[in-house]
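All remarks here apply to the structure that follows.
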Amino acid sequence: MIEGVYQFLDRIFGPFILNHSPLWVITIAGVIIGGFYTLLYYFFTDIEKQKKLQKLGKELQKELREAQKSGDEKKMKKLQQKQLELMRMQSELMKQQMIPMFLTMPLFWIFFRWLQRWYVEVGIVKAPFNFFLFDWFHRMYHSALPPDQLGYIGWYFLTSYVVGMVLRKLLDMG
């Protein structure tokens, strides 16, 4: 079954992969998938509620520190109750935030296992020096690439991370 999916992806994207550099293919994949995930997150998460809870959490932590410094046990107990309520609300929000992950995770794994067929042990980016981050990715994925080269998974993660951060800023997601 999965082989049929890979053959389908080969028919659709194979010509693009064959006619473009691996750097462009993985960069475009990172932009599309990273952007798609960020937009899903934006539409499935109550951003205003998330910001409100973050603000409440910071205020609560500040009040807790002040109560600890003053030794006010009564206020501490009251604030700990507020903290439990805040944690319950944050838990509900986290359930919302899991929806985009559950929607995209199967697609992500299928797509990357398919890309592995094209780009396993292919250096996508070459740095002019041994870069510690590249080596970290190599160890994580048991890659034999030299420490000055980054493979498709590492380049995808860096690309999609940057795209996600820019999009989050543009969408005012905090």
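Chains: A, B, ... in order of the structure tokens. Residues: from 1 per chain. Ligands: from 1, in order shown.
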**Q.** Contacts of Glu121 in chain A at 12 Å (only C-alpha atoms; same-chain gap of 2+ positions) as a count of residues only
**A.** 22
Going by DSSP on the backbone, which bits of chain A are helix (DSSP H, G or I)? Write them as a compact mmCIF listing (two decimals) with N, CA and C atoms, in the first residue's frame, please.
```txt
# COMPACT_ATOMS: atom_id res chain seq x y z
N ILE A 2 1.82 1.33 0.93
CA ILE A 2 2.65 2.54 1.02
C ILE A 2 3.49 2.70 -0.24
N GLU A 3 3.88 1.59 -0.83
CA GLU A 3 4.65 1.66 -2.07
C GLU A 3 3.83 2.33 -3.17
N GLY A 4 2.53 2.08 -3.20
CA GLY A 4 1.64 2.73 -4.16
C GLY A 4 1.59 4.24 -3.95
N VAL A 5 1.60 4.65 -2.68
CA VAL A 5 1.63 6.09 -2.35
C VAL A 5 2.94 6.69 -2.85
N TYR A 6 4.05 5.99 -2.61
CA TYR A 6 5.35 6.49 -3.06
C TYR A 6 5.40 6.59 -4.59
N GLN A 7 4.84 5.62 -5.28
CA GLN A 7 4.81 5.67 -6.75
C GLN A 7 3.96 6.83 -7.23
N PHE A 8 2.86 7.09 -6.55
CA PHE A 8 2.01 8.24 -6.88
C PHE A 8 2.80 9.54 -6.71
N LEU A 9 3.52 9.68 -5.58
CA LEU A 9 4.34 10.87 -5.34
C LEU A 9 5.45 10.99 -6.37
N ASP A 10 6.03 9.85 -6.77
CA ASP A 10 7.06 9.86 -7.82
C ASP A 10 6.50 10.43 -9.12
N ARG A 11 5.29 10.01 -9.49
CA ARG A 11 4.69 10.50 -10.74
C ARG A 11 4.42 12.00 -10.69
N ILE A 12 3.96 12.47 -9.53
CA ILE A 12 3.62 13.89 -9.41
C ILE A 12 4.87 14.76 -9.25
N PHE A 13 5.75 14.40 -8.32
CA PHE A 13 6.88 15.26 -7.97
C PHE A 13 8.21 14.82 -8.58
N GLY A 14 8.26 13.61 -9.11
CA GLY A 14 9.51 13.10 -9.68
C GLY A 14 10.14 14.02 -10.71
N PRO A 15 9.38 14.53 -11.69
CA PRO A 15 9.97 15.43 -12.68
C PRO A 15 10.58 16.70 -12.04
N PHE A 16 9.90 17.23 -11.03
CA PHE A 16 10.43 18.41 -10.34
C PHE A 16 11.75 18.08 -9.65
N ILE A 17 11.79 16.93 -8.98
CA ILE A 17 12.99 16.51 -8.27
C ILE A 17 14.15 16.29 -9.25
N LEU A 18 13.86 15.67 -10.37
CA LEU A 18 14.90 15.38 -11.36
C LEU A 18 15.44 16.64 -12.04
N ASN A 19 14.63 17.68 -12.12
CA ASN A 19 15.02 18.89 -12.87
C ASN A 19 15.48 20.04 -12.00
N PRO A 22 18.66 19.62 -5.26
CA PRO A 22 18.09 19.18 -3.99
C PRO A 22 17.86 20.34 -3.01
N LEU A 23 18.71 21.35 -3.06
CA LEU A 23 18.55 22.51 -2.18
C LEU A 23 17.19 23.17 -2.42
N TRP A 24 16.84 23.38 -3.69
CA TRP A 24 15.56 24.01 -4.01
C TRP A 24 14.38 23.11 -3.67
N VAL A 25 14.49 21.85 -3.94
CA VAL A 25 13.39 20.92 -3.67
C VAL A 25 13.08 20.90 -2.17
N ILE A 26 14.10 20.75 -1.35
CA ILE A 26 13.88 20.66 0.09
C ILE A 26 13.47 22.02 0.66
N THR A 27 14.01 23.10 0.14
CA THR A 27 13.62 24.43 0.60
C THR A 27 12.14 24.67 0.31
N ILE A 28 11.70 24.35 -0.89
CA ILE A 28 10.29 24.54 -1.25
C ILE A 28 9.40 23.64 -0.40
N ALA A 29 9.83 22.40 -0.17
CA ALA A 29 9.06 21.49 0.69
C ALA A 29 8.95 22.08 2.10
N GLY A 30 10.04 22.62 2.61
CA GLY A 30 10.02 23.23 3.95
C GLY A 30 9.10 24.42 4.03
N VAL A 31 9.11 25.24 2.99
CA VAL A 31 8.25 26.42 2.96
C VAL A 31 6.77 25.98 2.92
N ILE A 32 6.46 25.05 2.05
CA ILE A 32 5.07 24.62 1.90
C ILE A 32 4.57 23.91 3.16
N ILE A 33 5.31 22.92 3.63
CA ILE A 33 4.85 22.14 4.78
C ILE A 33 4.90 22.98 6.06
N GLY A 34 5.97 23.74 6.24
CA GLY A 34 6.06 24.60 7.43
C GLY A 34 4.96 25.65 7.44
N GLY A 35 4.68 26.24 6.30
CA GLY A 35 3.60 27.22 6.20
C GLY A 35 2.25 26.58 6.43
N PHE A 36 2.03 25.41 5.85
CA PHE A 36 0.77 24.69 6.01
C PHE A 36 0.52 24.37 7.48
N TYR A 37 1.53 23.86 8.17
CA TYR A 37 1.37 23.52 9.58
C TYR A 37 1.06 24.77 10.41
N THR A 38 1.77 25.86 10.16
CA THR A 38 1.55 27.09 10.91
C THR A 38 0.14 27.62 10.68
N LEU A 39 -0.32 27.56 9.44
CA LEU A 39 -1.69 28.02 9.16
C LEU A 39 -2.74 27.12 9.82
N LEU A 40 -2.52 25.81 9.80
CA LEU A 40 -3.43 24.91 10.51
C LEU A 40 -3.47 25.25 12.00
N TYR A 41 -2.32 25.46 12.58
CA TYR A 41 -2.21 25.81 13.99
C TYR A 41 -2.99 27.10 14.26
N TYR A 42 -2.82 28.07 13.37
CA TYR A 42 -3.48 29.37 13.51
C TYR A 42 -5.00 29.21 13.50
N PHE A 43 -5.52 28.40 12.60
CA PHE A 43 -6.96 28.25 12.47
C PHE A 43 -7.59 27.33 13.51
N PHE A 44 -6.83 26.41 14.08
CA PHE A 44 -7.38 25.47 15.05
C PHE A 44 -7.13 25.88 16.50
N ILE A 47 -5.90 31.83 19.45
CA ILE A 47 -4.67 32.60 19.70
C ILE A 47 -4.88 33.62 20.82
N GLU A 48 -6.04 34.28 20.83
CA GLU A 48 -6.30 35.27 21.87
C GLU A 48 -6.34 34.63 23.25
N LYS A 49 -6.96 33.45 23.33
CA LYS A 49 -7.02 32.72 24.60
C LYS A 49 -5.61 32.31 25.03
N GLN A 50 -4.79 31.90 24.05
CA GLN A 50 -3.41 31.51 24.35
C GLN A 50 -2.64 32.70 24.91
N LYS A 51 -2.77 33.85 24.29
CA LYS A 51 -2.07 35.06 24.78
C LYS A 51 -2.54 35.43 26.18
N LYS A 52 -3.86 35.34 26.39
CA LYS A 52 -4.43 35.69 27.69
C LYS A 52 -3.89 34.76 28.78
N LEU A 53 -3.84 33.45 28.47
CA LEU A 53 -3.33 32.49 29.45
C LEU A 53 -1.85 32.72 29.74
N GLN A 54 -1.07 33.08 28.71
CA GLN A 54 0.35 33.37 28.93
C GLN A 54 0.50 34.58 29.84
N LYS A 55 -0.30 35.60 29.60
CA LYS A 55 -0.24 36.81 30.42
C LYS A 55 -0.65 36.49 31.86
N LEU A 56 -1.74 35.73 32.03
CA LEU A 56 -2.18 35.34 33.38
C LEU A 56 -1.11 34.52 34.10
N GLY A 57 -0.45 33.63 33.36
CA GLY A 57 0.61 32.82 33.94
C GLY A 57 1.77 33.66 34.45
N LYS A 58 2.18 34.64 33.67
CA LYS A 58 3.27 35.53 34.10
C LYS A 58 2.88 36.33 35.33
N GLU A 59 1.65 36.85 35.32
CA GLU A 59 1.18 37.62 36.47
C GLU A 59 1.10 36.75 37.72
N LEU A 60 0.60 35.54 37.55
CA LEU A 60 0.47 34.62 38.68
C LEU A 60 1.85 34.26 39.25
N GLN A 61 2.82 34.02 38.39
CA GLN A 61 4.18 33.71 38.86
C GLN A 61 4.75 34.88 39.65
N LYS A 62 4.52 36.08 39.16
CA LYS A 62 5.01 37.28 39.86
C LYS A 62 4.37 37.39 41.24
N GLU A 63 3.04 37.19 41.31
CA GLU A 63 2.33 37.25 42.59
C GLU A 63 2.82 36.15 43.54
N LEU A 64 3.06 34.95 43.00
CA LEU A 64 3.56 33.85 43.83
C LEU A 64 4.93 34.18 44.43
N ARG A 65 5.82 34.75 43.61
CA ARG A 65 7.14 35.13 44.12
C ARG A 65 7.03 36.17 45.23
N GLU A 66 6.14 37.15 45.03
CA GLU A 66 5.95 38.19 46.05
C GLU A 66 5.38 37.60 47.34
N ALA A 67 4.42 36.68 47.20
CA ALA A 67 3.84 36.05 48.39
C ALA A 67 4.87 35.20 49.12
N GLN A 68 5.74 34.52 48.36
CA GLN A 68 6.79 33.71 48.99
C GLN A 68 7.76 34.60 49.74
N LYS A 69 8.15 35.72 49.12
CA LYS A 69 9.08 36.64 49.79
C LYS A 69 8.49 37.21 51.07
N SER A 70 7.19 37.52 51.03
CA SER A 70 6.56 38.11 52.22
C SER A 70 6.15 37.05 53.24
N GLU A 73 1.21 32.97 53.87
CA GLU A 73 0.72 31.61 53.58
C GLU A 73 -0.70 31.63 53.03
N LYS A 74 -1.55 32.52 53.55
CA LYS A 74 -2.94 32.59 53.09
C LYS A 74 -3.00 32.98 51.61
N LYS A 75 -2.21 33.95 51.26
CA LYS A 75 -2.17 34.40 49.86
C LYS A 75 -1.57 33.32 48.97
N MET A 76 -0.58 32.60 49.49
CA MET A 76 0.06 31.51 48.73
C MET A 76 -0.97 30.43 48.39
N LYS A 77 -1.79 30.04 49.36
CA LYS A 77 -2.81 29.01 49.12
C LYS A 77 -3.82 29.48 48.07
N LYS A 78 -4.22 30.72 48.19
CA LYS A 78 -5.18 31.29 47.23
C LYS A 78 -4.57 31.30 45.82
N LEU A 79 -3.32 31.69 45.72
CA LEU A 79 -2.63 31.75 44.42
C LEU A 79 -2.40 30.35 43.86
N GLN A 80 -2.15 29.39 44.72
CA GLN A 80 -1.97 28.01 44.25
C GLN A 80 -3.27 27.47 43.67
N GLN A 81 -4.40 27.86 44.23
CA GLN A 81 -5.70 27.47 43.67
C GLN A 81 -5.89 28.10 42.29
N LYS A 82 -5.50 29.36 42.17
CA LYS A 82 -5.58 30.04 40.87
C LYS A 82 -4.67 29.35 39.86
N GLN A 83 -3.52 28.90 40.35
CA GLN A 83 -2.56 28.23 39.48
C GLN A 83 -3.14 26.90 38.95
N LEU A 84 -3.84 26.17 39.80
CA LEU A 84 -4.49 24.92 39.38
C LEU A 84 -5.55 25.19 38.31
N GLU A 85 -6.33 26.25 38.48
CA GLU A 85 -7.34 26.61 37.48
C GLU A 85 -6.68 27.02 36.16
N LEU A 86 -5.60 27.76 36.25
CA LEU A 86 -4.86 28.17 35.05
C LEU A 86 -4.31 26.94 34.33
N MET A 87 -3.80 25.98 35.08
CA MET A 87 -3.27 24.76 34.47
C MET A 87 -4.37 23.97 33.77
N ARG A 88 -5.57 23.95 34.34
CA ARG A 88 -6.70 23.27 33.71
C ARG A 88 -7.05 23.95 32.38
N MET A 89 -7.08 25.27 32.37
CA MET A 89 -7.38 26.01 31.14
C MET A 89 -6.29 25.79 30.09
N GLN A 90 -5.02 25.74 30.54
CA GLN A 90 -3.91 25.50 29.61
C GLN A 90 -3.99 24.10 29.02
N SER A 91 -4.45 23.15 29.83
CA SER A 91 -4.60 21.78 29.35
C SER A 91 -5.65 21.71 28.24
N GLU A 92 -6.76 22.42 28.40
CA GLU A 92 -7.78 22.48 27.36
C GLU A 92 -7.22 23.08 26.08
N LEU A 93 -6.44 24.13 26.23
CA LEU A 93 -5.84 24.79 25.06
C LEU A 93 -4.86 23.84 24.37
N MET A 94 -4.12 23.07 25.15
CA MET A 94 -3.16 22.12 24.55
C MET A 94 -3.88 21.07 23.72
N LYS A 95 -5.07 20.66 24.14
CA LYS A 95 -5.84 19.70 23.35
C LYS A 95 -6.17 20.29 21.98
N GLN A 96 -6.53 21.58 21.95
CA GLN A 96 -6.78 22.27 20.68
C GLN A 96 -5.53 22.28 19.81
N GLN A 97 -4.40 22.52 20.44
CA GLN A 97 -3.14 22.65 19.70
C GLN A 97 -2.66 21.32 19.14
N MET A 98 -3.18 20.21 19.64
CA MET A 98 -2.77 18.90 19.15
C MET A 98 -3.44 18.55 17.82
N ILE A 99 -4.56 19.17 17.51
CA ILE A 99 -5.30 18.86 16.29
C ILE A 99 -4.42 19.03 15.04
N PRO A 100 -3.73 20.19 14.87
CA PRO A 100 -2.89 20.32 13.67
C PRO A 100 -1.80 19.25 13.60
N MET A 101 -1.26 18.88 14.75
CA MET A 101 -0.20 17.87 14.75
C MET A 101 -0.76 16.52 14.29
N PHE A 102 -1.93 16.15 14.80
CA PHE A 102 -2.53 14.87 14.41
C PHE A 102 -2.93 14.86 12.93
N LEU A 103 -3.31 16.03 12.41
CA LEU A 103 -3.68 16.11 10.99
C LEU A 103 -2.46 16.01 10.08
N THR A 104 -1.35 16.57 10.51
CA THR A 104 -0.17 16.63 9.64
C THR A 104 0.83 15.51 9.85
N MET A 105 0.85 14.88 11.00
CA MET A 105 1.88 13.88 11.30
C MET A 105 1.90 12.72 10.29
N PRO A 106 0.77 12.11 9.95
CA PRO A 106 0.84 11.02 8.96
C PRO A 106 1.37 11.50 7.60
N LEU A 107 0.94 12.68 7.17
CA LEU A 107 1.44 13.22 5.91
C LEU A 107 2.94 13.48 5.98
N PHE A 108 3.36 14.01 7.10
CA PHE A 108 4.77 14.30 7.31
C PHE A 108 5.61 13.03 7.19
N TRP A 109 5.22 11.96 7.88
CA TRP A 109 6.01 10.73 7.86
C TRP A 109 6.02 10.07 6.47
N ILE A 110 4.87 10.07 5.82
CA ILE A 110 4.82 9.50 4.47
C ILE A 110 5.73 10.29 3.54
N PHE A 111 5.61 11.61 3.59
CA PHE A 111 6.40 12.47 2.72
C PHE A 111 7.89 12.30 2.96
N PHE A 112 8.32 12.24 4.22
CA PHE A 112 9.75 12.14 4.50
C PHE A 112 10.32 10.77 4.23
N ARG A 113 9.54 9.76 4.42
CA ARG A 113 10.02 8.42 4.04
C ARG A 113 10.17 8.34 2.51
N TRP A 114 9.26 9.01 1.80
CA TRP A 114 9.36 9.06 0.35
C TRP A 114 10.60 9.87 -0.07
N LEU A 115 10.82 11.03 0.54
CA LEU A 115 12.00 11.85 0.21
C LEU A 115 13.29 11.11 0.49
N GLN A 116 13.27 10.27 1.51
CA GLN A 116 14.47 9.51 1.86
C GLN A 116 14.92 8.65 0.68
N ARG A 117 13.99 8.16 -0.09
CA ARG A 117 14.33 7.36 -1.27
C ARG A 117 15.14 8.17 -2.28
N TRP A 118 14.90 9.46 -2.34
CA TRP A 118 15.61 10.32 -3.29
C TRP A 118 16.90 10.90 -2.70
N TYR A 119 16.88 11.23 -1.41
CA TYR A 119 17.96 12.04 -0.85
C TYR A 119 18.71 11.45 0.33
N PHE A 132 28.44 22.76 14.31
CA PHE A 132 27.95 21.87 15.37
C PHE A 132 26.51 21.42 15.15
N LEU A 133 25.67 22.28 14.60
CA LEU A 133 24.27 21.93 14.38
C LEU A 133 24.13 20.82 13.35
N PHE A 134 24.98 20.88 12.33
CA PHE A 134 24.96 19.82 11.31
C PHE A 134 25.31 18.48 11.94
N ASP A 135 26.34 18.50 12.76
CA ASP A 135 26.77 17.27 13.42
C ASP A 135 25.68 16.74 14.34
N TRP A 136 24.93 17.62 14.99
CA TRP A 136 23.83 17.21 15.85
C TRP A 136 22.78 16.45 15.04
N PHE A 137 22.41 16.98 13.86
CA PHE A 137 21.46 16.29 13.00
C PHE A 137 22.01 14.93 12.55
N HIS A 138 23.30 14.88 12.23
CA HIS A 138 23.90 13.62 11.79
C HIS A 138 23.78 12.54 12.86
N ARG A 139 24.09 12.91 14.09
CA ARG A 139 24.01 11.94 15.18
C ARG A 139 22.57 11.51 15.43
N MET A 140 21.65 12.46 15.31
CA MET A 140 20.24 12.15 15.56
C MET A 140 19.70 11.15 14.54
N TYR A 152 18.83 16.21 3.92
CA TYR A 152 17.49 16.73 3.64
C TYR A 152 16.65 16.97 4.89
N ILE A 153 16.75 16.11 5.89
CA ILE A 153 15.94 16.29 7.10
C ILE A 153 16.37 17.55 7.85
N GLY A 154 17.65 17.71 8.04
CA GLY A 154 18.15 18.89 8.74
C GLY A 154 17.80 20.18 8.03
N TRP A 155 17.98 20.18 6.70
CA TRP A 155 17.68 21.39 5.93
C TRP A 155 16.18 21.68 5.96
N TYR A 156 15.37 20.64 5.87
CA TYR A 156 13.91 20.83 5.95
C TYR A 156 13.54 21.45 7.29
N PHE A 157 14.05 20.91 8.41
CA PHE A 157 13.69 21.43 9.72
C PHE A 157 14.10 22.89 9.86
N LEU A 158 15.29 23.23 9.40
CA LEU A 158 15.72 24.62 9.51
C LEU A 158 14.85 25.53 8.65
N THR A 159 14.55 25.11 7.44
CA THR A 159 13.73 25.91 6.53
C THR A 159 12.32 26.08 7.09
N SER A 160 11.68 24.99 7.49
CA SER A 160 10.31 25.08 7.98
C SER A 160 10.23 25.86 9.29
N TYR A 161 11.28 25.77 10.11
CA TYR A 161 11.32 26.53 11.36
C TYR A 161 11.32 28.03 11.08
N VAL A 162 12.17 28.46 10.16
CA VAL A 162 12.25 29.88 9.82
C VAL A 162 10.92 30.35 9.23
N VAL A 163 10.36 29.58 8.31
CA VAL A 163 9.08 29.95 7.70
C VAL A 163 8.00 30.04 8.77
N GLY A 164 7.95 29.06 9.66
CA GLY A 164 6.96 29.08 10.74
C GLY A 164 7.10 30.29 11.64
N MET A 165 8.34 30.65 11.99
CA MET A 165 8.56 31.80 12.86
C MET A 165 8.14 33.10 12.17
N VAL A 166 8.47 33.25 10.90
CA VAL A 166 8.09 34.47 10.16
C VAL A 166 6.57 34.55 10.06
N LEU A 167 5.94 33.43 9.71
CA LEU A 167 4.48 33.41 9.59
C LEU A 167 3.80 33.69 10.92
N ARG A 168 4.34 33.13 11.99
CA ARG A 168 3.77 33.40 13.32
C ARG A 168 3.84 34.89 13.65
N LYS A 169 4.95 35.51 13.28
CA LYS A 169 5.10 36.94 13.52
C LYS A 169 4.11 37.73 12.69
N LEU A 170 3.97 37.36 11.42
CA LEU A 170 3.03 38.06 10.53
C LEU A 170 1.58 37.89 10.98
```
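Among the candidate residues A:Met173, A:Ala127, A:Met1, A:Val120, the one lying nearest to Asp148 in chain A is A:Ala127, with distances computed using only C-alpha atoms.
When DSSP reads the backbone of this structure, the residues of chain A it assigns to strand (DSSP E or B) are A:Val125, A:Lys126, A:Gln149, A:Leu150.
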Put those residues in a file: N, CA and C atoms, as a JSON list (two decimals), in the first residue's frame.
```
[["chain", "number", "residue", "atom", "x", "y", "z"],
["A", 125, "VAL", "N", 23.17, 21.03, 1.91],
["A", 125, "VAL", "CA", 23.86, 22.29, 2.19],
["A", 125, "VAL", "C", 25.27, 21.98, 2.65],
["A", 126, "LYS", "N", 26.23, 22.75, 2.16],
["A", 126, "LYS", "CA", 27.64, 22.58, 2.58],
["A", 126, "LYS", "C", 28.10, 23.89, 3.21],
["A", 149, "GLN", "N", 28.33, 19.21, 6.10],
["A", 149, "GLN", "CA", 27.19, 19.07, 5.19],
["A", 149, "GLN", "C", 25.93, 18.72, 5.97],
["A", 150, "LEU", "N", 24.81, 19.20, 5.47],
["A", 150, "LEU", "CA", 23.53, 18.93, 6.10],
["A", 150, "LEU", "C", 22.63, 18.22, 5.10]]
```
